[in-house]
Amino acid sequence: MRCILLPNFNEIFNEARALVANNRGDAYDVTRQKYINLLHNITGRNIIAYYSGFLTQPAVRETNITDMDKNGFMTVINKMDRSIGLDLILHTPGGDLAATESLVEYLHMMFGKDIRAIIPQISMSAGTMIACACKSIVMGKQSSLGPIDPQLNGLPASGVLEEFERAVEEVGKNPKCMPVWRVILEKYHPTFLGSCEKAIDWSRDLAQKWLSNNMLSERTDCSKAAAAIVDYLSDHSKTKAHARHIGITECERIGLRIEKLEDDNDFQDAVLSVHHAFMLSFLNSQAVKIIENHSDTRIIFNANRPNPPTQMSPVRKQTQNLEPKEE
């Protein structure tokens, strides 16, 4: 029997708009916090929501994972009771590999292995790697992870190497093809191929280490199982595209430890209410990224504002706006 009957997207929208109509400048902050706190009360665990506005502002650089994000995590982790673990809600397109490695290592130092990833909708690329660093991943029927093959200068590293290998093979068979392939391959600097190889090895090594040390650590074949998962997630020839959405069924099939969101109705409704509240915030603000915990502490990144100041919100003193300067 269900104990909680939570609102849908439209109802949460009307709830927030009612606060706006009452001149609450913090209407969307209040709405998000209400449902994050409800989720915390259900799980009894720390909650950090790491949300990117990439769906509403897809061309903005700051929506990606960057080293600036650690400032947000340091802020929201401060004063947490780390003994109760962490539920990390992820909604991100991915981003910088070095920043991702640094962030995961920091989270492990703060919470050890007791980190669970929750994916309400999408956590792609480096976001998938963060999920793989957790002890389990909560997914619903609507949730997706993505391939972890790295991108360099907007190009898939695996795809570049595949194209080069194909060129070598075809020219070897028919030297007359060389003029055609020369035009294609001249766009790649000689060191670029080496950078692609190193990026692929780096992402694979990190994902395999994190899987072996946490999610799969209790398995006797943890290294083999981790390698099989990484082989799938990083194989450009299998996933076909870096934007490929990998759903819950496939994630279970390849060996990830998945918890089904639908197994607990109250938990499911609370997670989706948090997600709807964040989506509304992005639709009704200039925010491009929000990092927020269950204790009303958050950092909000805004973009597209010249020479923005760093300031504390006048409404909620725990709220800090960091608005990165555009380059």
# chains A, B, ... in the order shown; residues from 1 in each chain; ligands from 1

$ residues_around --residues "Asn284 of chain A" --least-positions-apart "6" --cutoff "12 Å" --atoms "only C-alpha atoms" --output "compact mmCIF listing (two decimals) with N, CA and C atoms, in the first residue's frame"
# COMPACT_ATOMS: atom_id res chain seq x y z
N PHE A 13 4.74 22.10 -11.45
CA PHE A 13 4.83 23.39 -12.13
C PHE A 13 3.84 24.39 -11.52
N ALA A 16 5.02 25.56 -8.09
CA ALA A 16 6.08 26.57 -8.17
C ALA A 16 5.53 27.92 -8.65
N ARG A 17 4.64 27.89 -9.62
CA ARG A 17 4.08 29.14 -10.14
C ARG A 17 3.25 29.86 -9.09
N VAL A 20 5.66 31.79 -7.18
CA VAL A 20 6.07 32.95 -7.97
C VAL A 20 5.02 34.04 -7.89
N GLY A 25 10.82 35.03 -4.72
CA GLY A 25 11.93 35.00 -5.67
C GLY A 25 12.68 33.69 -5.66
N ASP A 26 12.50 32.92 -4.60
CA ASP A 26 13.19 31.64 -4.48
C ASP A 26 12.24 30.47 -4.74
N ALA A 27 11.20 30.70 -5.54
CA ALA A 27 10.13 29.71 -5.72
C ALA A 27 10.67 28.36 -6.18
N TYR A 28 11.56 28.37 -7.16
CA TYR A 28 12.05 27.10 -7.69
C TYR A 28 13.04 26.43 -6.74
N ASP A 29 13.81 27.23 -6.00
CA ASP A 29 14.68 26.67 -4.97
C ASP A 29 13.85 25.96 -3.90
N GLY A 53 21.95 21.56 -17.14
CA GLY A 53 20.87 22.06 -17.98
C GLY A 53 21.11 21.83 -19.45
N THR A 56 18.14 21.95 -21.99
CA THR A 56 17.55 23.25 -22.32
C THR A 56 18.56 24.21 -22.94
N GLN A 57 19.84 24.03 -22.66
CA GLN A 57 20.89 24.87 -23.24
C GLN A 57 22.03 23.99 -23.74
N ALA A 277 11.25 18.90 -10.60
CA ALA A 277 11.54 20.21 -10.00
C ALA A 277 12.80 20.82 -10.61
N PHE A 278 13.82 19.99 -10.87
CA PHE A 278 15.04 20.50 -11.51
C PHE A 278 14.78 20.91 -12.95

$ select_by_dssp --residues "segment 18-117 of chain A" --states "strand (DSSP E or B)" --output "number ranges by chain"
A: 46-52, 65, 86-92, 95, 115-117

$ atom_distance --atom1 "atom CA of Ala21 of chain A" --atom2 "atom CA of Tyr35 of chain A"
20.2 Å

$ closest_residue --among "A:Thr249, A:Ser195, A:Asn293, A:Gln151" --to "His236 of chain A" --atoms "only C-alpha atoms"
A:Gln151

$ closest_residue --among "A:Lys289, A:Arg24, A:Lys34, A:Lys260" --to "Gln142 of chain A" --atoms "only C-alpha atoms"
A:Lys260

$ atom_distance --atom1 "atom CA of Met129 of chain A" --atom2 "atom CA of Ala207 of chain A"
5.9 Å

$ closest_residue --among "A:Asn23, A:Gly94, A:Asn214, A:Val288" --to "His108 of chain A" --atoms "only C-alpha atoms"
A:Asn214

$ closest_residue --among "A:His294, A:Met279, A:Lys113, A:Asn22" --to "Ser217 of chain A" --atoms "only C-alpha atoms"
A:Lys113

$ select_by_dssp --residues "segment 140-235 of chain A" --states "alpha helix (DSSP H)" --output "ChimeraX atom specification"
/A:157-173,178-185,190-210,222-234

$ residues_around --residues "Lys240 of chain A" --least-positions-apart "4" --cutoff "10 Å" --atoms "only C-alpha atoms" --output "MDAnalysis selection string"
chainID A and resid 147 159 235:236 244

$ write_last_selection --atoms "N, CA and C atoms" --output "mmCIF file, in the first residue's frame"
data_model
loop_
_atom_site.group_PDB
_atom_site.id
_atom_site.type_symbol
_atom_site.label_atom_id
_atom_site.label_comp_id
_atom_site.auth_asym_id
_atom_site.auth_seq_id
_atom_site.Cartn_x
_atom_site.Cartn_y
_atom_site.Cartn_z
ATOM 1 N N PRO A 147 27.635 5.411 -23.843
ATOM 2 C CA PRO A 147 28.988 4.913 -24.085
ATOM 3 C C PRO A 147 30.019 5.801 -23.401
ATOM 4 N N GLY A 159 36.330 6.336 -33.233
ATOM 5 C CA GLY A 159 35.965 6.508 -34.627
ATOM 6 C C GLY A 159 37.122 7.001 -35.473
ATOM 7 N N ASP A 235 33.261 0.329 -26.769
ATOM 8 C CA ASP A 235 33.416 -0.185 -28.128
ATOM 9 C C ASP A 235 32.536 0.603 -29.087
ATOM 10 N N HIS A 236 33.163 1.508 -29.809
ATOM 11 C CA HIS A 236 32.422 2.377 -30.740
ATOM 12 C C HIS A 236 31.723 1.565 -31.824
ATOM 13 N N ARG A 244 24.425 7.326 -28.040
ATOM 14 C CA ARG A 244 23.554 6.160 -27.875
ATOM 15 C C ARG A 244 23.020 6.072 -26.449
#

$ decode --residues "segment 33-63 of chain A" --atoms "N, CA, C and O atoms" --output "PDB file, in the first residue's frame"
ATOM      1  N   GLN A  33      13.916  21.938  -3.101  1.00  0.00           N
ATOM      2  CA  GLN A  33      14.338  21.530  -1.767  1.00  0.00           C
ATOM      3  C   GLN A  33      13.274  20.690  -1.081  1.00  0.00           C
ATOM      4  O   GLN A  33      13.588  19.749  -0.345  1.00  0.00           O
ATOM      5  N   LYS A  34      12.021  21.012  -1.307  1.00  0.00           N
ATOM      6  CA  LYS A  34      10.919  20.249  -0.707  1.00  0.00           C
ATOM      7  C   LYS A  34      11.025  18.773  -1.081  1.00  0.00           C
ATOM      8  O   LYS A  34      10.910  17.889  -0.218  1.00  0.00           O
ATOM      9  N   TYR A  35      11.267  18.497  -2.350  1.00  0.00           N
ATOM     10  CA  TYR A  35      11.270  17.104  -2.807  1.00  0.00           C
ATOM     11  C   TYR A  35      12.602  16.405  -2.554  1.00  0.00           C
ATOM     12  O   TYR A  35      12.626  15.190  -2.330  1.00  0.00           O
ATOM     13  N   ILE A  36      13.709  17.156  -2.576  1.00  0.00           N
ATOM     14  CA  ILE A  36      14.984  16.544  -2.189  1.00  0.00           C
ATOM     15  C   ILE A  36      14.930  16.117  -0.728  1.00  0.00           C
ATOM     16  O   ILE A  36      15.388  15.018  -0.361  1.00  0.00           O
ATOM     17  N   ASN A  37      14.352  16.964   0.115  1.00  0.00           N
ATOM     18  CA  ASN A  37      14.248  16.643   1.535  1.00  0.00           C
ATOM     19  C   ASN A  37      13.319  15.458   1.764  1.00  0.00           C
ATOM     20  O   ASN A  37      13.571  14.609   2.627  1.00  0.00           O
ATOM     21  N   LEU A  38      12.247  15.377   0.979  1.00  0.00           N
ATOM     22  CA  LEU A  38      11.350  14.228   1.076  1.00  0.00           C
ATOM     23  C   LEU A  38      12.091  12.947   0.701  1.00  0.00           C
ATOM     24  O   LEU A  38      11.937  11.905   1.369  1.00  0.00           O
ATOM     25  N   LEU A  39      12.892  12.995  -0.341  1.00  0.00           N
ATOM     26  CA  LEU A  39      13.674  11.823  -0.745  1.00  0.00           C
ATOM     27  C   LEU A  39      14.637  11.409   0.360  1.00  0.00           C
ATOM     28  O   LEU A  39      14.795  10.217   0.654  1.00  0.00           O
ATOM     29  N   HIS A  40      15.283  12.385   0.982  1.00  0.00           N
ATOM     30  CA  HIS A  40      16.178  12.108   2.106  1.00  0.00           C
ATOM     31  C   HIS A  40      15.433  11.422   3.251  1.00  0.00           C
ATOM     32  O   HIS A  40      15.941  10.469   3.864  1.00  0.00           O
ATOM     33  N   ASN A  41      14.221  11.868   3.533  1.00  0.00           N
ATOM     34  CA  ASN A  41      13.440  11.257   4.607  1.00  0.00           C
ATOM     35  C   ASN A  41      13.061   9.819   4.286  1.00  0.00           C
ATOM     36  O   ASN A  41      12.948   8.973   5.183  1.00  0.00           O
ATOM     37  N   ILE A  42      12.892   9.516   3.007  1.00  0.00           N
ATOM     38  CA  ILE A  42      12.555   8.147   2.592  1.00  0.00           C
ATOM     39  C   ILE A  42      13.775   7.230   2.679  1.00  0.00           C
ATOM     40  O   ILE A  42      13.687   6.096   3.166  1.00  0.00           O
ATOM     41  N   THR A  43      14.930   7.719   2.241  1.00  0.00           N
ATOM     42  CA  THR A  43      16.122   6.860   2.171  1.00  0.00           C
ATOM     43  C   THR A  43      16.941   6.859   3.455  1.00  0.00           C
ATOM     44  O   THR A  43      17.650   5.890   3.740  1.00  0.00           O
ATOM     45  N   GLY A  44      16.885   7.969   4.212  1.00  0.00           N
ATOM     46  CA  GLY A  44      17.739   8.094   5.382  1.00  0.00           C
ATOM     47  C   GLY A  44      19.201   8.291   5.023  1.00  0.00           C
ATOM     48  O   GLY A  44      20.086   8.138   5.872  1.00  0.00           O
ATOM     49  N   ARG A  45      19.472   8.650   3.792  1.00  0.00           N
ATOM     50  CA  ARG A  45      20.846   8.838   3.314  1.00  0.00           C
ATOM     51  C   ARG A  45      21.042  10.284   2.860  1.00  0.00           C
ATOM     52  O   ARG A  45      20.078  11.002   2.581  1.00  0.00           O
ATOM     53  N   ASN A  46      22.314  10.696   2.801  1.00  0.00           N
ATOM     54  CA  ASN A  46      22.628  11.996   2.221  1.00  0.00           C
ATOM     55  C   ASN A  46      22.188  12.015   0.759  1.00  0.00           C
ATOM     56  O   ASN A  46      22.313  11.010   0.045  1.00  0.00           O
ATOM     57  N   ILE A  47      21.716  13.155   0.317  1.00  0.00           N
ATOM     58  CA  ILE A  47      21.308  13.332  -1.080  1.00  0.00           C
ATOM     59  C   ILE A  47      22.112  14.484  -1.674  1.00  0.00           C
ATOM     60  O   ILE A  47      22.159  15.579  -1.104  1.00  0.00           O
ATOM     61  N   ILE A  48      22.742  14.232  -2.803  1.00  0.00           N
ATOM     62  CA  ILE A  48      23.314  15.302  -3.616  1.00  0.00           C
ATOM     63  C   ILE A  48      22.750  15.144  -5.024  1.00  0.00           C
ATOM     64  O   ILE A  48      22.856  14.075  -5.632  1.00  0.00           O
ATOM     65  N   ALA A  49      22.134  16.199  -5.514  1.00  0.00           N
ATOM     66  CA  ALA A  49      21.641  16.216  -6.892  1.00  0.00           C
ATOM     67  C   ALA A  49      22.636  16.989  -7.744  1.00  0.00           C
ATOM     68  O   ALA A  49      22.935  18.158  -7.467  1.00  0.00           O
ATOM     69  N   TYR A  50      23.176  16.329  -8.751  1.00  0.00           N
ATOM     70  CA  TYR A  50      24.129  16.949  -9.673  1.00  0.00           C
ATOM     71  C   TYR A  50      23.432  17.052 -11.033  1.00  0.00           C
ATOM     72  O   TYR A  50      23.304  16.070 -11.760  1.00  0.00           O
ATOM     73  N   TYR A  51      22.938  18.252 -11.329  1.00  0.00           N
ATOM     74  CA  TYR A  51      22.083  18.445 -12.497  1.00  0.00           C
ATOM     75  C   TYR A  51      22.674  19.436 -13.474  1.00  0.00           C
ATOM     76  O   TYR A  51      23.044  20.550 -13.107  1.00  0.00           O
ATOM     77  N   SER A  52      22.702  19.023 -14.727  1.00  0.00           N
ATOM     78  CA  SER A  52      23.121  19.896 -15.823  1.00  0.00           C
ATOM     79  C   SER A  52      21.899  20.326 -16.624  1.00  0.00           C
ATOM     80  O   SER A  52      20.951  19.561 -16.809  1.00  0.00           O
ATOM     81  N   GLY A  53      21.946  21.555 -17.136  1.00  0.00           N
ATOM     82  CA  GLY A  53      20.869  22.063 -17.981  1.00  0.00           C
ATOM     83  C   GLY A  53      21.115  21.831 -19.452  1.00  0.00           C
ATOM     84  O   GLY A  53      20.656  22.618 -20.289  1.00  0.00           O
ATOM     85  N   PHE A  54      21.806  20.732 -19.791  1.00  0.00           N
ATOM     86  CA  PHE A  54      22.194  20.500 -21.182  1.00  0.00           C
ATOM     87  C   PHE A  54      20.999  20.271 -22.105  1.00  0.00           C
ATOM     88  O   PHE A  54      21.098  20.486 -23.313  1.00  0.00           O
ATOM     89  N   LEU A  55      19.860  19.853 -21.564  1.00  0.00           N
ATOM     90  CA  LEU A  55      18.696  19.637 -22.423  1.00  0.00           C
ATOM     91  C   LEU A  55      18.041  20.952 -22.840  1.00  0.00           C
ATOM     92  O   LEU A  55      17.460  21.042 -23.926  1.00  0.00           O
ATOM     93  N   THR A  56      18.142  21.954 -21.992  1.00  0.00           N
ATOM     94  CA  THR A  56      17.550  23.252 -22.319  1.00  0.00           C
ATOM     95  C   THR A  56      18.556  24.212 -22.944  1.00  0.00           C
ATOM     96  O   THR A  56      18.172  25.125 -23.663  1.00  0.00           O
ATOM     97  N   GLN A  57      19.844  24.025 -22.657  1.00  0.00           N
ATOM     98  CA  GLN A  57      20.892  24.870 -23.236  1.00  0.00           C
ATOM     99  C   GLN A  57      22.032  23.985 -23.743  1.00  0.00           C
ATOM    100  O   GLN A  57      23.127  23.973 -23.175  1.00  0.00           O
ATOM    101  N   PRO A  58      21.786  23.231 -24.806  1.00  0.00           N
ATOM    102  CA  PRO A  58      22.737  22.209 -25.252  1.00  0.00           C
ATOM    103  C   PRO A  58      24.069  22.736 -25.760  1.00  0.00           C
ATOM    104  O   PRO A  58      25.045  21.991 -25.797  1.00  0.00           O
ATOM    105  N   ALA A  59      24.141  23.996 -26.149  1.00  0.00           N
ATOM    106  CA  ALA A  59      25.380  24.519 -26.727  1.00  0.00           C
ATOM    107  C   ALA A  59      26.270  25.222 -25.709  1.00  0.00           C
ATOM    108  O   ALA A  59      27.327  25.736 -26.055  1.00  0.00           O
ATOM    109  N   VAL A  60      25.874  25.224 -24.446  1.00  0.00           N
ATOM    110  CA  VAL A  60      26.620  25.962 -23.420  1.00  0.00           C
ATOM    111  C   VAL A  60      27.689  25.076 -22.809  1.00  0.00           C
ATOM    112  O   VAL A  60      27.409  23.980 -22.312  1.00  0.00           O
ATOM    113  N   ARG A  61      28.936  25.552 -22.844  1.00  0.00           N
ATOM    114  CA  ARG A  61      30.081  24.758 -22.381  1.00  0.00           C
ATOM    115  C   ARG A  61      29.968  24.366 -20.918  1.00  0.00           C
ATOM    116  O   ARG A  61      30.363  23.270 -20.521  1.00  0.00           O
ATOM    117  N   GLU A  62      29.419  25.251 -20.088  1.00  0.00           N
ATOM    118  CA  GLU A  62      29.392  25.007 -18.653  1.00  0.00           C
ATOM    119  C   GLU A  62      28.439  23.889 -18.236  1.00  0.00           C
ATOM    120  O   GLU A  62      28.428  23.489 -17.073  1.00  0.00           O
ATOM    121  N   THR A  63      27.646  23.370 -19.175  1.00  0.00           N
ATOM    122  CA  THR A  63      26.782  22.248 -18.821  1.00  0.00           C
ATOM    123  C   THR A  63      27.571  20.957 -18.651  1.00  0.00           C
ATOM    124  O   THR A  63      27.080  19.997 -18.054  1.00  0.00           O
TER     125      THR A  63
END
